[in-house]
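Undergrad: One structure is given below, represented as structure tokens, and several questions about it will come after.
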Amino acid sequence: MKALGVFPNEKKLAIVDHPAPSIEAPTQVKFKTLEVGVCGTDKEIAHHLHGVPPEGDDYLILHHEALGEVTEVGDAVEGFEVGDLVVPTVRRPCGDPECTACAEGRQDFCFTGKFTERGIVGAHGFFAEECVDEARFLVKIPKELRDVGVLVEPLTIAEKALLQVWDIQERLPWAAKRAREAGTAPKLKALVLGAGPIGLLGAMVLAENGFDVHVYSLEDVDSPRGKLVRDVGGTYHSAKDEDVKALWKKIGDVDLVYEATGASGLSFRVLELLGHNAIFIFTGVPGRKEPIELDAATIMRNLVLENHVLLGTVNAGPDAFHAAVKDLASFKEKWPQTFETLISGRYPMEEYAGLLSGEVGGIKNIITIGG
Ligand code: BGC
């Protein structure tokens, strides 16, 4: 079958003829890949900055954001049928019996760092005509989400972050779960840094969850990204028009910063601005850059005196996947037009090179594998 292989030693990217997988245990499911999404991590792997093939292989099959259709189900599998749409999760447990997180099925919190991630580290990804996985690593999605289901995985980043935010908010009695459900909790203000797919999906999740959402990014206010933010009820601010410090002054203290840029300079400048009881969430992975100067004493002082929480979050567990499926269905109903902007193009698999080099622009590009 056709698959896209990254060869780290030869520094090459090519469509390869990879052996088609078959079900080897009764707990497994086989699916044909319908689509994969292109993200920043894939581009880094394609540029050989990241990515590790499975042991013994000289290439890694790329891509971890996928939508598939079940074609075969192992005898012991329950809850999946041929024809079901599925989204695979990305991370696989480290297998160390001492790792409580992996043993609990929460490899997104793995303690050993010896996990594998499909399409990223140590396990083949989903740019392949067929794939096999354990049923427990697949999430079934409704047929109505066929056109947007490939966004489930990138959406889980924001969902995992938000699930943690609600837990953190429990420290504030007036904003805790009960108050939120009763509608008596004060409206929270969120600032999203960056209007790439992770930032925009983050803005949508925050808007859906009742936040007053502000997005700060490089593009013009009149850009499609700015419009998308307004379409979901948020406010878009362009870095072309104002410095983040001026913006902060204008909008007032925010309760939550959701960083989705991977830019350490901007992030730490905003960290210096945080007000009382604020939560700062980092989701971006910066490339290795020159060190930056920062006022560590002020940051530390404010962290303590103002009860700040700094949260780094990566990957996602089943709860975030289920929240993403639910929210996608709701976004589709409320803001169907946003997907026309968010999904900037669907391309045949032969066009992988331009999509991964960044030559083809857009917000979220999708590669069609099977139909
Ligand atoms: C993926 C995550 C993964 C992370 C680090 C992201 O692009 O969405 O699933 O854990 O990269 O490899």
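All residue names refer to the structure tokens as shown: chains lettered A, B, ... in order, residues numbered from 1 in each chain, ligands numbered from 1 in order.
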Write out as a VMD selection string each polymer residue (protein, DNA or RNA) that has an atom no more than 9 Å from ligand 1, with only C-alpha atoms and all ligand atoms counted.
TA: chain A and resid 39 to 42 50 to 51 64 to 65 89 to 91 108 117 to 121 153 to 157 284 to 285 314 to 316
Undergrad: From the DSSP assignment of the backbone, select every residue of segment 216-253 of chain A that is alpha helix (DSSP H), and format the answer as an NGL selection string.
TA: :A and (224-231 or 244-251)
Undergrad: Once you have the residues from the selection above, write them out as a short mmCIF file (atom, residue, chain, number, x, y, z; two decimals), in the first residue's frame, restricted to all heavy atoms.
TA:
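The file below, result_25.cif, is the result:
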```
data_model
loop_
_atom_site.label_atom_id
_atom_site.label_comp_id
_atom_site.auth_asym_id
_atom_site.auth_seq_id
_atom_site.Cartn_x
_atom_site.Cartn_y
_atom_site.Cartn_z
N PRO A 224 -9.27 36.57 7.03
CA PRO A 224 -10.23 35.50 7.31
C PRO A 224 -10.14 35.00 8.76
O PRO A 224 -11.14 34.66 9.38
CB PRO A 224 -9.83 34.40 6.33
CG PRO A 224 -9.12 35.10 5.22
CD PRO A 224 -8.45 36.29 5.84
N ARG A 225 -8.92 35.01 9.32
CA ARG A 225 -8.78 34.54 10.71
C ARG A 225 -9.49 35.50 11.67
O ARG A 225 -10.15 35.08 12.62
CB ARG A 225 -7.31 34.41 11.08
CG ARG A 225 -6.60 33.36 10.23
CD ARG A 225 -5.11 33.32 10.54
NE ARG A 225 -4.38 32.79 9.39
CZ ARG A 225 -3.58 31.74 9.43
NH1 ARG A 225 -3.36 31.10 10.54
NH2 ARG A 225 -2.96 31.31 8.33
N GLY A 226 -9.33 36.81 11.40
CA GLY A 226 -9.99 37.80 12.24
C GLY A 226 -11.51 37.64 12.16
O GLY A 226 -12.22 37.69 13.18
N LYS A 227 -11.98 37.38 10.95
CA LYS A 227 -13.43 37.23 10.75
C LYS A 227 -13.94 35.99 11.48
O LYS A 227 -14.99 36.01 12.11
CB LYS A 227 -13.73 37.15 9.25
CG LYS A 227 -15.19 37.03 8.97
CD LYS A 227 -15.51 37.10 7.49
CE LYS A 227 -17.00 36.91 7.25
NZ LYS A 227 -17.58 35.72 7.84
N LEU A 228 -13.15 34.90 11.39
CA LEU A 228 -13.57 33.67 12.06
C LEU A 228 -13.74 33.91 13.57
O LEU A 228 -14.72 33.48 14.17
CB LEU A 228 -12.54 32.56 11.81
CG LEU A 228 -12.92 31.16 12.28
CD1 LEU A 228 -12.23 30.10 11.42
CD2 LEU A 228 -12.60 30.91 13.74
N VAL A 229 -12.79 34.64 14.14
CA VAL A 229 -12.87 34.93 15.58
C VAL A 229 -14.16 35.70 15.89
O VAL A 229 -14.88 35.39 16.83
CB VAL A 229 -11.61 35.70 16.06
CG1 VAL A 229 -11.78 36.17 17.50
CG2 VAL A 229 -10.36 34.84 15.90
N ARG A 230 -14.45 36.69 15.04
CA ARG A 230 -15.68 37.48 15.28
C ARG A 230 -16.93 36.61 15.08
O ARG A 230 -17.90 36.74 15.81
CB ARG A 230 -15.72 38.70 14.35
CG ARG A 230 -14.71 39.78 14.76
CD ARG A 230 -14.87 41.05 13.96
NE ARG A 230 -14.47 40.91 12.57
CZ ARG A 230 -13.21 40.97 12.13
NH1 ARG A 230 -12.21 41.15 12.98
NH2 ARG A 230 -12.94 40.84 10.85
N ASP A 231 -16.87 35.70 14.10
CA ASP A 231 -18.02 34.82 13.85
C ASP A 231 -18.37 33.95 15.05
O ASP A 231 -19.51 33.53 15.21
CB ASP A 231 -17.74 33.88 12.65
CG ASP A 231 -17.90 34.61 11.33
OD1 ASP A 231 -18.39 35.76 11.33
OD2 ASP A 231 -17.51 34.04 10.28
N VAL A 244 1.34 44.04 22.46
CA VAL A 244 0.53 43.25 23.39
C VAL A 244 0.32 43.97 24.73
O VAL A 244 -0.71 43.80 25.39
CB VAL A 244 1.13 41.83 23.56
CG1 VAL A 244 2.40 41.84 24.40
CG2 VAL A 244 0.11 40.85 24.09
N LYS A 245 1.28 44.81 25.10
CA LYS A 245 1.16 45.56 26.36
C LYS A 245 0.00 46.57 26.26
O LYS A 245 -0.80 46.69 27.19
CB LYS A 245 2.48 46.30 26.62
CG LYS A 245 2.86 46.30 28.06
CD LYS A 245 4.28 46.78 28.24
CE LYS A 245 4.54 47.06 29.70
NZ LYS A 245 5.92 47.43 29.95
N ALA A 246 -0.08 47.24 25.12
CA ALA A 246 -1.16 48.21 24.89
C ALA A 246 -2.50 47.47 24.87
O ALA A 246 -3.50 47.94 25.43
CB ALA A 246 -0.93 48.95 23.58
N LEU A 247 -2.50 46.30 24.24
CA LEU A 247 -3.73 45.52 24.17
C LEU A 247 -4.19 45.14 25.57
O LEU A 247 -5.37 45.25 25.91
CB LEU A 247 -3.48 44.25 23.33
CG LEU A 247 -4.59 43.20 23.41
CD1 LEU A 247 -5.85 43.71 22.71
CD2 LEU A 247 -4.16 41.88 22.78
N TRP A 248 -3.24 44.70 26.38
CA TRP A 248 -3.56 44.27 27.75
C TRP A 248 -4.22 45.41 28.52
O TRP A 248 -5.20 45.22 29.24
CB TRP A 248 -2.27 43.83 28.44
CG TRP A 248 -2.52 43.02 29.67
CD1 TRP A 248 -2.76 43.48 30.92
CD2 TRP A 248 -2.56 41.59 29.75
NE1 TRP A 248 -2.94 42.44 31.79
CE2 TRP A 248 -2.83 41.26 31.10
CE3 TRP A 248 -2.40 40.56 28.83
CZ2 TRP A 248 -2.93 39.94 31.54
CZ3 TRP A 248 -2.50 39.25 29.26
CH2 TRP A 248 -2.76 38.96 30.60
N LYS A 249 -3.66 46.59 28.34
CA LYS A 249 -4.20 47.78 29.02
C LYS A 249 -5.63 48.05 28.57
O LYS A 249 -6.51 48.38 29.37
CB LYS A 249 -3.33 48.99 28.67
CG LYS A 249 -2.79 49.67 29.91
CD LYS A 249 -1.97 50.84 29.53
CE LYS A 249 -1.73 51.71 30.73
NZ LYS A 249 -0.70 52.66 30.41
N LYS A 250 -5.83 47.85 27.26
CA LYS A 250 -7.15 48.15 26.68
C LYS A 250 -8.22 47.17 27.17
O LYS A 250 -9.30 47.58 27.54
CB LYS A 250 -7.02 48.10 25.15
CG LYS A 250 -8.25 48.57 24.42
CD LYS A 250 -7.98 48.71 22.93
CE LYS A 250 -8.16 47.39 22.23
NZ LYS A 250 -7.75 47.43 20.82
N ILE A 251 -7.87 45.88 27.15
CA ILE A 251 -8.93 44.89 27.48
C ILE A 251 -9.01 44.60 28.97
O ILE A 251 -9.96 43.98 29.43
CB ILE A 251 -8.80 43.57 26.66
CG1 ILE A 251 -7.52 42.80 27.00
CG2 ILE A 251 -8.89 43.84 25.16
CD1 ILE A 251 -7.44 41.43 26.30
#
```
Undergrad: Residues at most 9 Å from Glu98 of chain A, counting only C-alpha atoms, excluding those fewer than 3 positions away in the same chain, as a PDB file with all heavy atoms, in the first residue's frame?
TA:
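And here's result_35.pdb as it stands now:
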```
ATOM      1  N   GLY A  95       4.626   1.196  28.662  1.00  0.00           N
ATOM      2  CA  GLY A  95       4.725  -0.224  29.008  1.00  0.00           C
ATOM      3  C   GLY A  95       5.489  -0.476  30.299  1.00  0.00           C
ATOM      4  O   GLY A  95       5.589  -1.615  30.754  1.00  0.00           O
ATOM      5  N   ALA A 101       0.635   6.582  35.087  1.00  0.00           N
ATOM      6  CA  ALA A 101      -0.165   7.276  34.078  1.00  0.00           C
ATOM      7  C   ALA A 101      -0.493   6.336  32.918  1.00  0.00           C
ATOM      8  O   ALA A 101      -1.659   6.191  32.537  1.00  0.00           O
ATOM      9  CB  ALA A 101       0.595   8.506  33.575  1.00  0.00           C
ATOM     10  N   CYS A 102       0.531   5.687  32.366  1.00  0.00           N
ATOM     11  CA  CYS A 102       0.296   4.792  31.230  1.00  0.00           C
ATOM     12  C   CYS A 102      -0.577   3.609  31.649  1.00  0.00           C
ATOM     13  O   CYS A 102      -1.452   3.177  30.903  1.00  0.00           O
ATOM     14  CB  CYS A 102       1.617   4.321  30.630  1.00  0.00           C
ATOM     15  SG  CYS A 102       2.445   5.633  29.695  1.00  0.00           S
ATOM     16  N   ALA A 103      -0.346   3.096  32.870  1.00  0.00           N
ATOM     17  CA  ALA A 103      -1.143   1.963  33.344  1.00  0.00           C
ATOM     18  C   ALA A 103      -2.617   2.342  33.437  1.00  0.00           C
ATOM     19  O   ALA A 103      -3.498   1.509  33.253  1.00  0.00           O
ATOM     20  CB  ALA A 103      -0.626   1.483  34.690  1.00  0.00           C
ATOM     21  N   PHE A 111       5.121   9.222  32.737  1.00  0.00           N
ATOM     22  CA  PHE A 111       6.212   9.645  33.625  1.00  0.00           C
ATOM     23  C   PHE A 111       7.596   9.305  33.080  1.00  0.00           C
ATOM     24  O   PHE A 111       8.585   9.903  33.475  1.00  0.00           O
ATOM     25  CB  PHE A 111       6.079   8.947  34.993  1.00  0.00           C
ATOM     26  CG  PHE A 111       5.050   9.569  35.887  1.00  0.00           C
ATOM     27  CD1 PHE A 111       3.799   8.993  36.029  1.00  0.00           C
ATOM     28  CD2 PHE A 111       5.328  10.728  36.588  1.00  0.00           C
ATOM     29  CE1 PHE A 111       2.843   9.560  36.847  1.00  0.00           C
ATOM     30  CE2 PHE A 111       4.376  11.307  37.416  1.00  0.00           C
ATOM     31  CZ  PHE A 111       3.125  10.719  37.544  1.00  0.00           C
ATOM     32  N   THR A 112       7.694   8.277  32.225  1.00  0.00           N
ATOM     33  CA  THR A 112       9.028   7.813  31.823  1.00  0.00           C
ATOM     34  C   THR A 112       9.538   8.510  30.574  1.00  0.00           C
ATOM     35  O   THR A 112      10.739   8.522  30.313  1.00  0.00           O
ATOM     36  CB  THR A 112       9.014   6.302  31.532  1.00  0.00           C
ATOM     37  OG1 THR A 112       8.201   6.074  30.367  1.00  0.00           O
ATOM     38  CG2 THR A 112       8.478   5.503  32.707  1.00  0.00           C
TER      39      THR A 112
END
```
Undergrad: Contacts of Phe7 of chain A at 9 Å or less, counting only C-alpha atoms, minus same-chain residues fewer than 2 places along, as a list in words?
TA: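 What passes the distance filter is Gly5, Asn9, Glu10, Lys11, Lys12, Leu13, Ala14, Ala46, His48, Pro53, Asp58, Tyr59 and Leu60 of chain A.
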Undergrad: Grab the residues selected above and save them as an mmCIF file, in the first residue's frame with all heavy atoms.
TA:
```cif
data_model
loop_
_atom_site.group_PDB
_atom_site.id
_atom_site.type_symbol
_atom_site.label_atom_id
_atom_site.label_comp_id
_atom_site.auth_asym_id
_atom_site.auth_seq_id
_atom_site.Cartn_x
_atom_site.Cartn_y
_atom_site.Cartn_z
ATOM 1 N N GLY A 5 6.710 8.165 3.721
ATOM 2 C CA GLY A 5 7.808 7.891 4.647
ATOM 3 C C GLY A 5 8.783 9.053 4.744
ATOM 4 O O GLY A 5 9.124 9.689 3.746
ATOM 5 N N ASN A 9 17.826 9.530 8.097
ATOM 6 C CA ASN A 9 19.253 9.424 7.745
ATOM 7 C C ASN A 9 19.539 9.976 6.365
ATOM 8 O O ASN A 9 20.510 10.705 6.157
ATOM 9 C CB ASN A 9 19.743 7.979 7.837
ATOM 10 C CG ASN A 9 19.793 7.526 9.283
ATOM 11 O OD1 ASN A 9 19.896 8.372 10.187
ATOM 12 N ND2 ASN A 9 19.659 6.234 9.511
ATOM 13 N N GLU A 10 18.684 9.624 5.424
ATOM 14 C CA GLU A 10 18.896 10.101 4.045
ATOM 15 C C GLU A 10 18.320 11.501 3.832
ATOM 16 O O GLU A 10 18.437 12.060 2.749
ATOM 17 C CB GLU A 10 18.217 9.148 3.059
ATOM 18 C CG GLU A 10 18.812 7.755 3.078
ATOM 19 C CD GLU A 10 17.888 6.767 2.357
ATOM 20 O OE1 GLU A 10 17.577 6.982 1.172
ATOM 21 O OE2 GLU A 10 17.479 5.785 2.998
ATOM 22 N N LYS A 11 17.657 12.021 4.851
ATOM 23 C CA LYS A 11 16.999 13.336 4.771
ATOM 24 C C LYS A 11 16.104 13.406 3.532
ATOM 25 O O LYS A 11 16.256 14.251 2.654
ATOM 26 C CB LYS A 11 18.015 14.482 4.748
ATOM 27 C CG LYS A 11 18.941 14.513 5.958
ATOM 28 C CD LYS A 11 18.773 15.829 6.707
ATOM 29 C CE LYS A 11 19.615 15.954 7.959
ATOM 30 N NZ LYS A 11 19.473 14.893 8.955
ATOM 31 N N LYS A 12 15.198 12.436 3.487
ATOM 32 C CA LYS A 12 14.354 12.304 2.294
ATOM 33 C C LYS A 12 12.900 12.081 2.738
ATOM 34 O O LYS A 12 12.659 11.540 3.815
ATOM 35 C CB LYS A 12 14.897 11.080 1.544
ATOM 36 C CG LYS A 12 14.225 10.722 0.271
ATOM 37 C CD LYS A 12 14.926 9.515 -0.375
ATOM 38 C CE LYS A 12 14.168 8.256 -0.075
ATOM 39 N NZ LYS A 12 14.658 7.049 -0.738
ATOM 40 N N LEU A 13 12.000 12.467 1.874
ATOM 41 C CA LEU A 13 10.566 12.291 2.116
ATOM 42 C C LEU A 13 10.019 11.654 0.842
ATOM 43 O O LEU A 13 10.232 12.186 -0.238
ATOM 44 C CB LEU A 13 9.984 13.697 2.305
ATOM 45 C CG LEU A 13 8.578 13.913 2.775
ATOM 46 C CD1 LEU A 13 8.382 13.357 4.167
ATOM 47 C CD2 LEU A 13 8.269 15.418 2.788
ATOM 48 N N ALA A 14 9.339 10.512 0.925
ATOM 49 C CA ALA A 14 8.883 9.862 -0.310
ATOM 50 C C ALA A 14 7.682 8.963 -0.057
ATOM 51 O O ALA A 14 7.509 8.430 1.042
ATOM 52 C CB ALA A 14 10.024 9.014 -0.889
ATOM 53 N N ALA A 46 9.010 16.592 8.653
ATOM 54 C CA ALA A 46 9.368 16.558 7.230
ATOM 55 C C ALA A 46 10.675 17.297 6.970
ATOM 56 O O ALA A 46 11.378 17.008 6.012
ATOM 57 C CB ALA A 46 8.234 17.170 6.407
ATOM 58 N N HIS A 48 13.087 17.128 9.063
ATOM 59 C CA HIS A 48 14.068 16.309 9.815
ATOM 60 C C HIS A 48 14.545 16.987 11.099
ATOM 61 O O HIS A 48 15.665 16.765 11.541
ATOM 62 C CB HIS A 48 15.261 15.919 8.915
ATOM 63 C CG HIS A 48 14.816 15.464 7.565
ATOM 64 N ND1 HIS A 48 14.173 14.262 7.372
ATOM 65 C CD2 HIS A 48 14.867 16.070 6.352
ATOM 66 C CE1 HIS A 48 13.845 14.145 6.087
ATOM 67 N NE2 HIS A 48 14.247 15.234 5.446
ATOM 68 N N PRO A 53 11.728 7.012 13.535
ATOM 69 C CA PRO A 53 11.053 5.824 12.989
ATOM 70 C C PRO A 53 10.947 4.720 14.041
ATOM 71 O O PRO A 53 11.719 4.718 15.007
ATOM 72 C CB PRO A 53 11.993 5.365 11.854
ATOM 73 C CG PRO A 53 12.929 6.481 11.612
ATOM 74 C CD PRO A 53 13.007 7.272 12.886
ATOM 75 N N ASP A 58 13.898 2.204 8.636
ATOM 76 C CA ASP A 58 14.670 3.383 8.251
ATOM 77 C C ASP A 58 13.789 4.573 7.877
ATOM 78 O O ASP A 58 14.276 5.637 7.539
ATOM 79 C CB ASP A 58 15.716 3.067 7.160
ATOM 80 C CG ASP A 58 15.109 2.398 5.959
ATOM 81 O OD1 ASP A 58 13.870 2.189 5.978
ATOM 82 O OD2 ASP A 58 15.851 2.075 5.012
ATOM 83 N N TYR A 59 12.487 4.367 7.928
ATOM 84 C CA TYR A 59 11.599 5.524 7.727
ATOM 85 C C TYR A 59 10.447 5.501 8.722
ATOM 86 O O TYR A 59 10.134 4.458 9.310
ATOM 87 C CB TYR A 59 11.066 5.588 6.290
ATOM 88 C CG TYR A 59 10.250 4.394 5.841
ATOM 89 C CD1 TYR A 59 8.892 4.309 6.108
ATOM 90 C CD2 TYR A 59 10.853 3.367 5.116
ATOM 91 C CE1 TYR A 59 8.140 3.234 5.670
ATOM 92 C CE2 TYR A 59 10.113 2.270 4.671
ATOM 93 C CZ TYR A 59 8.756 2.205 4.959
ATOM 94 O OH TYR A 59 8.019 1.136 4.546
ATOM 95 N N LEU A 60 9.858 6.684 8.864
ATOM 96 C CA LEU A 60 8.678 6.860 9.728
ATOM 97 C C LEU A 60 7.516 7.255 8.835
ATOM 98 O O LEU A 60 7.635 8.210 8.057
ATOM 99 C CB LEU A 60 8.948 7.996 10.730
ATOM 100 C CG LEU A 60 7.735 8.507 11.529
ATOM 101 C CD1 LEU A 60 7.345 7.519 12.632
ATOM 102 C CD2 LEU A 60 8.038 9.878 12.164
#
```
Undergrad: Which residues come within 12 Å of Lys289 of chain A, counting only C-alpha atoms, excluding same-chain residues fewer than 3 positions away, as a list in words?
TA: Gly262, Ala263, Ser264, Gly265, Val285, Pro286 and Ile292 of chain A
Undergrad: Check the smallest atom-to-atom distance from each of A:Pro173, A:Gln28, A:Asn302, A:Ser22 to Gly79 of chain A using only C-alpha atoms, then report the winner.
TA: A:Gln28
Undergrad: I want to know what sits within 6 Å of Val82 of chain A, based on only C-alpha atoms, with residues of the same chain fewer than 4 positions away left out; could you give that as a list of chain:residue names?
TA: A:Val70, A:Thr71, A:Glu72
Undergrad: Point out the residue among A:Glu159, A:Glu35, A:Glu24, A:Asp17 with the least atom-to-atom distance to Val87 of chain A, counting only C-alpha atoms.
TA: A:Glu35
Undergrad: I'd like to know which of A:Ala353, A:Ala158, A:Ala179, A:Val38 is closest to Asp319 of chain A, using only C-alpha atoms.
TA: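 Under the stated criterion, the closest residue is A:Ala158.
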Undergrad: Using only C-alpha atoms, which of the listed residues (A:Asp255, A:Asp295, A:Asp220, A:Glu306) sits closest to His276 of chain A?
TA: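 Closest to His276 of chain A of all the choices is A:Glu306.
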Undergrad: Pick out the residues sitting within 6 Å of segment 127-129 of chain A, and hand them over as a VMD selection string; count only C-alpha atoms, and ignore anything fewer than 2 positions along from it in its own chain.
TA: chain A and resid 2 to 4 32 to 33 62 to 63
Undergrad: Residues of the last selection are to be written out with N, CA, C and O atoms, as a compact mmCIF listing (two decimals), in the first residue's frame.
TA:
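Output below, filename result30.txt:
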```txt
# COMPACT_ATOMS: atom_id res chain seq x y z
N LYS A 2 0.26 2.35 -0.40
CA LYS A 2 1.03 3.61 -0.43
C LYS A 2 1.06 4.25 0.96
O LYS A 2 0.04 4.28 1.66
N ALA A 3 2.24 4.77 1.31
CA ALA A 3 2.37 5.49 2.59
C ALA A 3 3.43 6.57 2.37
O ALA A 3 4.23 6.49 1.44
N LEU A 4 3.40 7.59 3.25
CA LEU A 4 4.41 8.65 3.15
C LEU A 4 5.49 8.43 4.20
O LEU A 4 5.21 8.47 5.40
N LYS A 32 -9.45 2.05 6.91
CA LYS A 32 -8.78 2.73 5.79
C LYS A 32 -8.73 4.21 6.15
O LYS A 32 -9.69 4.77 6.72
N THR A 33 -7.61 4.83 5.85
CA THR A 33 -7.47 6.24 6.18
C THR A 33 -8.22 7.06 5.13
O THR A 33 -8.01 6.87 3.93
N LEU A 62 4.48 9.26 8.23
CA LEU A 62 4.15 10.55 8.84
C LEU A 62 2.64 10.73 9.11
O LEU A 62 1.84 9.98 8.57
N HIS A 63 2.35 11.74 9.87
CA HIS A 63 0.99 12.25 10.18
C HIS A 63 0.29 11.53 11.32
O HIS A 63 0.24 10.32 11.37
```
Undergrad: Enumerate as a PyMOL selection string all residues of segment 114-311 of chain A assigned to strand (DSSP E) by DSSP on the backbone, naming them with the chain letters and numbers the document uses.
TA: chain A and resi 116-118+122-123+130-134+138-141+189-193+212-217+235-238+256-259+279-282+309-311
Undergrad: Write a file of the just-selected residues containing N, CA and C atoms, as a compact mmCIF listing (two decimals), in the first residue's frame.
TA:
```txt
# COMPACT_ATOMS: atom_id res chain seq x y z
N THR A 116 5.43 5.97 22.85
CA THR A 116 5.58 6.22 21.41
C THR A 116 4.40 7.10 20.99
N GLU A 117 4.57 7.78 19.86
CA GLU A 117 3.46 8.58 19.31
C GLU A 117 3.36 8.26 17.84
N ARG A 118 2.18 7.88 17.40
CA ARG A 118 2.03 7.46 16.00
C ARG A 118 2.28 8.66 15.07
N GLY A 122 8.68 6.78 17.17
CA GLY A 122 8.74 5.33 17.42
C GLY A 122 7.57 4.51 16.93
N ALA A 123 6.62 5.08 16.24
CA ALA A 123 5.47 4.32 15.72
C ALA A 123 4.98 4.98 14.44
N GLU A 130 -4.00 1.96 4.70
CA GLU A 130 -4.68 1.18 5.74
C GLU A 130 -3.88 1.20 7.03
N CYS A 131 -4.60 1.10 8.15
CA CYS A 131 -3.93 1.09 9.45
C CYS A 131 -4.65 0.09 10.36
N VAL A 132 -3.90 -0.41 11.33
CA VAL A 132 -4.48 -1.29 12.35
C VAL A 132 -4.11 -0.72 13.71
N ASP A 133 -5.06 -0.76 14.63
CA ASP A 133 -4.75 -0.32 15.99
C ASP A 133 -5.64 -1.05 16.98
N GLU A 134 -5.22 -1.02 18.24
CA GLU A 134 -6.06 -1.55 19.30
C GLU A 134 -7.32 -0.69 19.37
N LEU A 138 -8.86 4.00 19.61
CA LEU A 138 -9.67 4.65 18.57
C LEU A 138 -10.91 5.28 19.18
N VAL A 139 -11.33 6.39 18.61
CA VAL A 139 -12.53 7.07 19.07
C VAL A 139 -13.53 7.09 17.92
N LYS A 140 -14.72 6.56 18.20
CA LYS A 140 -15.75 6.51 17.15
C LYS A 140 -16.40 7.88 17.04
N ILE A 141 -16.65 8.30 15.81
CA ILE A 141 -17.32 9.61 15.68
C ILE A 141 -18.57 9.48 14.80
N LYS A 189 -12.41 35.99 31.21
CA LYS A 189 -11.85 36.59 30.01
C LYS A 189 -10.61 35.81 29.60
N ALA A 190 -10.56 35.44 28.31
CA ALA A 190 -9.42 34.66 27.83
C ALA A 190 -8.72 35.41 26.71
N LEU A 191 -7.40 35.34 26.73
CA LEU A 191 -6.62 35.88 25.62
C LEU A 191 -5.89 34.72 24.95
N VAL A 192 -6.18 34.53 23.67
CA VAL A 192 -5.53 33.47 22.89
C VAL A 192 -4.39 34.12 22.11
N LEU A 193 -3.21 33.58 22.24
CA LEU A 193 -2.08 34.11 21.48
C LEU A 193 -1.87 33.22 20.26
N ASP A 212 -15.23 35.19 27.50
CA ASP A 212 -15.12 36.40 26.68
C ASP A 212 -13.76 36.25 26.00
N VAL A 213 -13.76 35.96 24.68
CA VAL A 213 -12.53 35.55 24.01
C VAL A 213 -11.88 36.68 23.20
N HIS A 214 -10.60 36.89 23.42
CA HIS A 214 -9.80 37.82 22.63
C HIS A 214 -8.68 37.02 21.98
N VAL A 215 -8.42 37.29 20.72
CA VAL A 215 -7.32 36.59 20.03
C VAL A 215 -6.34 37.63 19.54
N TYR A 216 -5.06 37.39 19.79
CA TYR A 216 -4.01 38.32 19.35
C TYR A 216 -3.09 37.57 18.41
N SER A 217 -2.96 38.08 17.17
CA SER A 217 -2.11 37.37 16.22
C SER A 217 -1.59 38.34 15.16
N THR A 235 -13.20 38.65 19.92
CA THR A 235 -12.64 39.89 19.39
C THR A 235 -11.23 39.60 18.93
N TYR A 236 -10.92 40.06 17.72
CA TYR A 236 -9.59 39.80 17.16
C TYR A 236 -8.75 41.07 17.22
N HIS A 237 -7.51 40.92 17.66
CA HIS A 237 -6.60 42.07 17.74
C HIS A 237 -5.35 41.72 16.93
N SER A 238 -4.95 42.64 16.07
CA SER A 238 -3.79 42.36 15.22
C SER A 238 -2.52 42.94 15.82
N LEU A 256 -7.34 34.07 31.78
CA LEU A 256 -6.70 32.92 31.17
C LEU A 256 -5.96 33.34 29.90
N VAL A 257 -4.69 32.95 29.82
CA VAL A 257 -3.97 33.13 28.55
C VAL A 257 -3.77 31.76 27.95
N TYR A 258 -4.16 31.61 26.69
CA TYR A 258 -4.00 30.34 25.99
C TYR A 258 -2.99 30.58 24.88
N GLU A 259 -1.78 30.12 25.11
CA GLU A 259 -0.69 30.40 24.18
C GLU A 259 -0.66 29.33 23.09
N ILE A 279 -4.36 32.24 34.95
CA ILE A 279 -3.80 30.95 34.52
C ILE A 279 -3.16 31.18 33.15
N PHE A 280 -1.94 30.73 32.98
CA PHE A 280 -1.26 30.84 31.68
C PHE A 280 -1.01 29.44 31.16
N ILE A 281 -1.56 29.15 29.99
CA ILE A 281 -1.42 27.81 29.42
C ILE A 281 -0.49 27.84 28.21
N PHE A 282 0.55 27.05 28.27
CA PHE A 282 1.46 26.93 27.13
C PHE A 282 1.09 25.68 26.33
N VAL A 309 -1.04 30.57 37.91
CA VAL A 309 -0.81 29.15 37.59
C VAL A 309 -0.23 29.11 36.18
N LEU A 310 0.91 28.46 36.04
CA LEU A 310 1.49 28.24 34.71
C LEU A 310 1.28 26.77 34.38
N LEU A 311 0.69 26.52 33.23
CA LEU A 311 0.35 25.15 32.88
C LEU A 311 0.87 24.81 31.49
```
Undergrad: Looking at A:Pro21, A:Gly252, A:Leu162, A:Trp174, which one is nearest to Gly210 of chain A, with distances taken over only C-alpha atoms?
TA: A:Leu162
Undergrad: Out of A:Glu208, A:Glu81, A:Glu181, A:Glu69, which residue has the shortest atom-to-atom distance to Glu333 of chain A when counting only C-alpha atoms?
TA: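 The closest residue to Glu333 of chain A is A:Glu208.
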Undergrad: In Å, with one decimal, what is the gap from atom CA of Val270 of chain A to atom CA of Ala297 of chain A?
TA: 15.0 Å
